[in-house]
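Okay, entry.cif now, which holds mmCIF, C-alpha atoms:
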```cif
data_protein
#
loop_
_atom_site.label_atom_id
_atom_site.label_comp_id
_atom_site.auth_asym_id
_atom_site.auth_seq_id
_atom_site.Cartn_x
_atom_site.Cartn_y
_atom_site.Cartn_z
CA MET A 5 16.73 -1.10 8.54
CA ARG A 6 19.04 1.15 10.58
CA ILE A 7 22.79 0.82 10.08
CA ALA A 8 25.53 2.60 12.05
CA ILE A 9 29.09 3.06 10.77
CA CYS A 10 31.71 4.14 13.32
CA ASP A 11 35.36 4.80 12.43
CA ASP A 12 37.68 7.60 13.53
CA ASP A 13 39.63 7.49 10.22
CA VAL A 14 37.87 9.75 7.75
CA LEU A 15 39.11 7.91 4.64
CA CYS A 16 38.08 4.51 5.96
CA ARG A 17 34.75 5.92 7.10
CA GLU A 18 34.06 7.35 3.66
CA GLN A 19 35.12 4.13 1.92
CA VAL A 20 32.83 1.94 4.04
CA THR A 21 29.97 4.41 3.68
CA ALA A 22 30.37 4.37 -0.11
CA ILE A 23 30.33 0.54 -0.19
CA VAL A 24 27.25 0.31 2.04
CA SER A 25 25.48 3.01 0.00
CA SER A 26 26.25 1.06 -3.19
CA TYR A 27 24.98 -2.12 -1.54
CA LYS A 28 21.76 -0.34 -0.57
CA ASP A 29 21.20 0.82 -4.15
CA GLN A 30 22.10 -2.48 -5.81
CA ARG A 31 19.95 -4.55 -3.45
CA GLY A 32 17.09 -2.03 -3.48
CA LEU A 33 16.84 -2.06 0.30
CA ASP A 34 15.26 0.49 2.63
CA MET A 35 18.23 1.50 4.78
CA GLU A 36 18.95 4.43 7.06
CA LEU A 37 22.70 5.04 7.41
CA SER A 38 24.14 6.95 10.37
CA ILE A 39 27.84 7.82 10.41
CA TYR A 40 29.96 8.39 13.56
CA GLU A 41 33.60 9.30 14.11
CA SER A 42 33.75 8.20 17.76
CA ALA A 43 32.34 5.58 20.13
CA ALA A 44 31.01 8.34 22.39
CA ALA A 45 28.97 9.89 19.57
CA LEU A 46 27.44 6.54 18.63
CA LEU A 47 26.58 5.62 22.23
CA HIS A 48 25.01 9.06 22.76
CA ASP A 49 22.76 8.56 19.72
CA VAL A 50 21.82 5.02 20.77
CA ALA A 51 20.80 6.33 24.20
CA LEU A 52 18.57 8.95 22.54
CA ARG A 53 17.13 7.02 19.60
CA GLY A 54 17.55 3.36 20.47
CA GLY A 55 19.79 0.69 19.01
CA PHE A 56 20.57 -0.07 15.37
CA ASP A 57 19.96 -3.27 13.44
CA LEU A 58 23.54 -3.45 12.20
CA TYR A 59 26.84 -1.90 13.33
CA LEU A 60 30.01 -1.61 11.26
CA LEU A 61 32.73 -0.71 13.76
CA ASP A 62 36.42 0.05 13.69
CA ILE A 63 38.32 -1.41 16.64
CA ILE A 64 41.39 0.78 17.08
CA MET A 65 39.97 4.18 17.99
CA PRO A 66 40.91 6.89 20.50
CA GLY A 67 39.20 6.54 23.88
CA GLU A 68 37.00 3.45 23.94
CA ASN A 69 38.09 0.85 21.43
CA GLY A 70 35.63 -1.08 19.29
CA ILE A 71 35.54 -4.10 21.61
CA GLU A 72 34.48 -2.03 24.62
CA LEU A 73 32.02 -0.19 22.38
CA GLY A 74 30.60 -3.56 21.34
CA ARG A 75 30.14 -4.59 24.97
CA GLN A 76 28.18 -1.42 25.70
CA LEU A 77 26.08 -1.80 22.57
CA ARG A 78 25.20 -5.35 23.63
CA ARG A 79 23.50 -3.88 26.72
CA GLU A 80 21.51 -1.34 24.71
CA SER A 81 20.99 -3.30 21.51
CA PRO A 82 21.35 -7.05 22.08
CA GLU A 83 19.73 -7.99 18.77
CA GLY A 84 21.97 -5.76 16.63
CA LYS A 85 24.61 -7.43 14.46
CA ILE A 86 28.19 -6.21 14.88
CA ILE A 87 30.69 -6.38 12.02
CA TYR A 88 34.23 -5.31 12.89
CA LEU A 89 36.40 -3.67 10.24
CA THR A 90 39.99 -3.34 11.42
CA SER A 91 43.61 -3.32 10.29
CA SER A 92 44.72 -5.78 13.00
CA HIS A 93 44.15 -9.48 13.73
CA GLU A 94 44.91 -8.79 17.40
CA TYR A 95 41.32 -8.48 18.60
CA ALA A 96 39.76 -11.41 16.73
CA VAL A 97 39.29 -13.53 19.87
CA ASP A 98 37.89 -10.58 21.84
CA SER A 99 35.36 -9.95 19.07
CA TYR A 100 33.74 -13.33 19.72
CA ARG A 101 33.17 -12.34 23.33
CA VAL A 102 30.76 -9.64 22.18
CA ARG A 103 29.20 -12.06 19.67
CA ALA A 104 30.44 -10.19 16.62
CA PHE A 105 28.85 -11.38 13.40
CA ASP A 106 32.08 -11.04 11.42
CA TYR A 107 35.63 -9.68 11.64
CA LEU A 108 37.04 -8.21 8.42
CA ILE A 109 40.54 -6.89 7.79
CA LYS A 110 41.00 -3.50 6.12
CA PRO A 111 41.07 -2.54 3.39
CA VAL A 112 37.78 -4.33 2.85
CA ALA A 113 36.89 -5.28 -0.72
CA GLN A 114 33.39 -4.40 -1.90
CA GLY A 115 32.54 -8.00 -2.77
CA GLN A 116 33.66 -9.23 0.64
CA LEU A 117 31.57 -6.67 2.51
CA PHE A 118 28.58 -7.28 0.22
CA HIS A 119 28.73 -11.00 1.09
CA THR A 120 28.88 -10.31 4.83
CA LEU A 121 26.03 -7.81 4.62
CA ASP A 122 23.90 -10.34 2.73
CA GLU A 123 24.39 -12.92 5.48
CA ALA A 124 23.83 -10.46 8.35
CA ILE A 125 20.67 -9.00 6.84
CA GLN A 126 19.28 -12.45 6.07
CA THR A 127 19.78 -13.41 9.73
CA LEU A 128 18.08 -10.22 10.90
CA ALA A 129 15.17 -10.76 8.51
CA VAL A 130 14.46 -14.21 9.94
CA LYS A 131 14.31 -12.79 13.48
CA LYS A 132 12.26 -9.76 12.54
CA GLY A 133 9.99 -11.74 10.25
CA LYS A 134 8.58 -14.04 12.91
CA SER A 135 4.90 -13.34 13.40
CA LEU A 136 1.56 -14.91 14.29
CA ILE A 137 -1.96 -14.49 13.02
CA VAL A 138 -4.44 -13.32 15.66
CA ARG A 139 -8.08 -14.05 14.86
CA THR A 140 -10.22 -11.19 16.14
CA LYS A 141 -14.01 -10.74 16.07
CA GLU A 142 -13.76 -8.55 12.98
CA SER A 143 -10.91 -10.15 11.01
CA SER A 144 -7.45 -11.68 11.33
CA THR A 145 -4.39 -9.57 12.14
CA LYS A 146 -0.72 -10.39 11.55
CA VAL A 147 1.33 -9.46 14.62
CA SER A 148 5.13 -9.63 14.66
CA PHE A 149 6.82 -11.22 17.67
CA GLU A 150 9.07 -8.18 17.87
CA SER A 151 6.10 -5.83 18.38
CA ILE A 152 4.57 -7.75 21.30
CA MET A 153 5.36 -6.42 24.78
CA TYR A 154 3.21 -8.99 26.51
CA ALA A 155 0.23 -11.28 25.96
CA LYS A 156 -2.38 -11.53 28.71
CA LEU A 157 -5.43 -13.67 29.28
CA ALA A 158 -8.53 -11.45 29.16
CA GLY A 159 -11.54 -13.52 30.17
CA LYS A 160 -11.59 -16.34 27.62
CA SER A 161 -9.48 -14.56 25.03
CA ILE A 162 -5.89 -13.34 24.76
CA ALA A 163 -4.98 -9.67 24.47
CA TYR A 164 -1.68 -8.85 22.76
CA HIS A 165 -0.26 -5.55 24.02
CA LEU A 166 2.06 -4.03 21.42
CA THR A 167 4.96 -1.59 21.71
CA ASN A 168 3.04 1.10 19.79
CA GLY A 169 0.29 1.16 22.43
CA VAL A 170 -2.21 -0.87 20.40
CA THR A 171 -3.92 -3.91 21.93
CA VAL A 172 -5.08 -6.74 19.68
CA GLU A 173 -7.62 -9.05 21.32
CA GLY A 174 -8.25 -12.46 19.82
CA VAL A 175 -11.38 -14.58 19.86
CA SER A 176 -12.10 -16.97 22.73
CA ILE A 177 -9.62 -19.81 23.15
CA ARG A 178 -10.57 -23.43 23.81
CA THR A 179 -7.25 -24.55 25.27
CA THR A 180 -5.04 -23.44 28.16
CA PHE A 181 -3.26 -20.10 27.89
CA SER A 182 0.18 -21.70 27.57
CA GLU A 183 -1.04 -24.02 24.80
CA ALA A 184 -2.64 -21.12 22.94
CA ILE A 185 0.63 -19.15 22.93
CA SER A 186 2.97 -22.13 22.50
CA GLU A 187 4.36 -20.56 19.31
CA LEU A 188 5.52 -17.53 21.30
CA LEU A 189 7.02 -19.63 24.08
CA LEU A 190 9.28 -21.42 21.61
CA ASP A 191 11.00 -18.05 21.07
CA GLU A 192 13.73 -17.30 23.63
CA ARG A 193 12.43 -13.74 24.09
CA PHE A 194 9.15 -14.84 25.70
CA ALA A 195 8.55 -16.20 29.19
CA LEU A 196 5.47 -17.12 31.16
CA CYS A 197 4.70 -14.82 34.03
CA GLY A 198 2.09 -16.53 36.18
CA SER A 199 -0.63 -18.63 34.58
CA GLY A 200 -2.12 -15.99 32.28
CA THR A 201 0.67 -13.67 31.10
CA ALA A 202 3.63 -14.04 28.74
CA VAL A 203 6.22 -11.27 28.56
CA ASN A 204 8.68 -10.32 25.85
CA LEU A 205 11.85 -10.07 27.98
CA TYR A 206 13.59 -7.98 25.34
CA HIS A 207 11.21 -5.06 26.01
CA VAL A 208 11.52 -5.22 29.82
CA THR A 209 13.92 -2.69 31.34
CA THR A 210 13.24 -3.26 35.06
CA VAL A 211 11.67 -5.90 37.28
CA ASP A 212 10.84 -4.03 40.49
CA GLY A 213 9.12 -6.23 43.05
CA ASP A 214 5.61 -6.75 41.70
CA THR A 215 5.87 -4.50 38.62
CA LEU A 216 7.51 -4.72 35.19
CA TYR A 217 8.69 -1.61 33.36
CA PHE A 218 9.06 -1.53 29.57
CA LYS A 219 11.24 0.39 27.13
CA ASN A 220 8.31 2.42 25.81
CA GLY A 221 7.45 3.70 29.29
CA GLY A 222 4.66 1.21 29.96
CA LYS A 223 4.40 -0.93 33.07
CA LEU A 224 2.59 -4.08 34.17
CA TYR A 225 1.63 -5.28 37.65
CA ILE A 226 2.33 -9.02 38.00
CA GLY A 227 2.42 -9.66 41.76
CA LEU A 228 5.34 -10.36 44.07
CA ARG A 229 5.57 -14.13 43.51
CA ALA A 230 5.56 -13.80 39.73
CA GLY A 231 7.97 -10.86 40.00
CA ARG A 232 10.52 -12.90 41.95
CA SER A 233 10.33 -15.74 39.45
CA LEU A 234 10.48 -13.54 36.36
CA ARG A 235 13.38 -11.46 37.67
CA SER A 236 15.64 -14.51 37.61
CA VAL A 237 14.53 -15.47 34.09
CA TRP A 238 14.93 -11.89 32.85
CA MET A 239 18.46 -11.58 34.28
CA ASP A 240 19.49 -14.90 32.71
CA PHE A 241 18.09 -13.73 29.38
CA TRP A 242 20.24 -10.58 29.34
CA MET A 243 23.35 -12.28 30.72
CA ASN A 244 23.19 -14.89 27.98
CA ARG A 245 22.84 -12.16 25.35
CA GLU A 246 25.79 -10.17 26.63
CA GLY A 247 27.96 -13.27 26.61
CA SER A 248 31.14 -13.70 28.61
CA LYS A 249 33.33 -10.65 29.02
#
```
Show me the file's structure as structure tokens.
Amino acid sequence: MRIAICDDDVLCREQVTAIVSSYKDQRGLDMELSIYESAAALLHDVALRGGFDLYLLDIIMPGENGIELGRQLRRESPEGKIIYLTSSHEYAVDSYRVRAFDYLIKPVAQGQLFHTLDEAIQTLAVKKGKSLIVRTKESSTKVSFESIMYAKLAGKSIAYHLTNGVTVEGVSIRTTFSEAISELLLDERFALCGSGTAVNLYHVTTVDGDTLYFKNGGKLYIGLRAGRSLRSVWMDFWMNREGSK
């Protein structure tokens, strides 16, 4: 799990880092901590390396404040949980507009932050833990929803194209495509694209006419009619995740 801490105050930054490090050790979790002293530094790293699972952000900082930083992070990392740590109650309402997970007043007690981290990580685990079992000719493979870019009908079977470039092809299905992937379609990230393709909208960066482009550099031809339909669904998906501003 990747966690970013951003605070321009060195003492506060060190205090929060110490609490999170202690939490990591006490809970025995696999965590990668990255520390930033400005919104610009964090956004630069997100652009290079991708978003984090969890953000602990100060609000009152020089340049971009934590609320504007949160809005930008929502575009790059819509699934990441944002916890604000601030000395002021002034921005509490604004924090809800970027769907902050919690809003804590400094100085933050270790027990209070531990409790919030427990809840945030539990929520993330549920989302990340969703998976399905794909029966292949050789065996059965567990595939996480998060790793699926798209699922596509391939003859009488379904091929699951993953973000790491691997394709997992199941055995022949005896139902319709949409019935066979009904479990995926119950998840807000997935949408039908024509009669034989389901796309993970989270991994789509561009819908350009008849072609989809993905975060990992891949692309998928879907046809103009399907492209027009999916573009609307994809835009609604991201607008709903960014929330009102």
Name the residues that the PyMOL selection byres ((chain A and resi 45) around 12) picks from the file above, as JSON, numbers by chain, using the file's chain letters and numbers.
-> {"A": [8, 9, 10, 11, 12, 38, 39, 40, 41, 42, 43, 44, 46, 47, 48, 49, 50, 51, 52, 67, 68, 73]}
Evaluating the PyMOL selection byres ((chain A and resi 35) around 8) on the displayed file yields which residues, as a PyMOL selection string?
-> chain A and resi 5-7+28+33-34+36-37
Given the file shown, determine the residues that the PyMOL selection byres ((chain A and resi 26) around 12) selects; report them as a list of chain:residue names.
-> A:Gln19, A:Val20, A:Thr21, A:Ala22, A:Ile23, A:Val24, A:Ser25, A:Tyr27, A:Lys28, A:Asp29, A:Gln30, A:Arg31, A:Gly32, A:Leu33, A:Met35, A:Leu37, A:Gln114, A:Gly115, A:Leu117, A:Phe118, A:Leu121
Find the residues near A:Leu136: any atom within 9 Å, counting all atoms listed in the file, skip ones fewer than 6 places away on the same chain, and give them as a ChimeraX atom specification.
-> /A:145-149,187-188
Would you mind listing what lies within 6 Å of A:Lys156 as a list in words, with all atoms listed in the file counted and same-chain residues fewer than 6 positions away left out?
->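 My reading of the contact set: Ile162, Ala163, Gly200 and Thr201 of chain A.
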What's the 10 Å shell around A:Thr171, counting all atoms listed in the file, without same-chain residues fewer than 5 positions away, as a PyMOL selection string?
-> chain A and resi 152+154-155+163-166
Pick out the residues sitting within 9 Å of stretch 84-92 of chain A, and hand them over as a PyMOL selection string; count all atoms listed in the file, and ignore anything fewer than 4 positions along from it in its own chain.
-> chain A and resi 11+55-64+70-71+74+77-78+96+99+102-112+120-121+124-125+128
Excluding A:Asp212 and residues on its chain fewer than 5 positions from it, collect all residues at most 12 Å away from it, counting only C-alpha atoms, and give them as a PyMOL selection string.
-> chain A and resi 217-218+223-236+238
Which is closest to A:Tyr206 among A:Tyr95, A:Phe194, A:Phe181, A:Tyr100, if we use only C-alpha atoms?
-> A:Phe194
For atom CA of A:Asn220 and atom CA of A:Thr167, the interatomic separation in Å (one decimal) =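 Computed distance, atom CA of A:Asn220 to atom CA of A:Thr167, equals 6.6 Å.
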Using all atoms listed in the file: which of A:Val237, A:Cys16, A:Ile185, A:Ile137 has the shortest distance to A:Leu205 =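 Using all atoms listed in the file, A:Leu205 sits closest to A:Val237.
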What does the distance between atom CA of A:Leu196 and atom CA of A:Lys141 come to in Å, to one decimal place?
->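 Atom CA of A:Leu196 sits 25.5 Å away from atom CA of A:Lys141.
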Interatomic distance between atom CA of A:Lys219 and atom CA of A:Glu80?
->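 Going from atom CA of A:Lys219 over to atom CA of A:Glu80, I get 10.7 Å.
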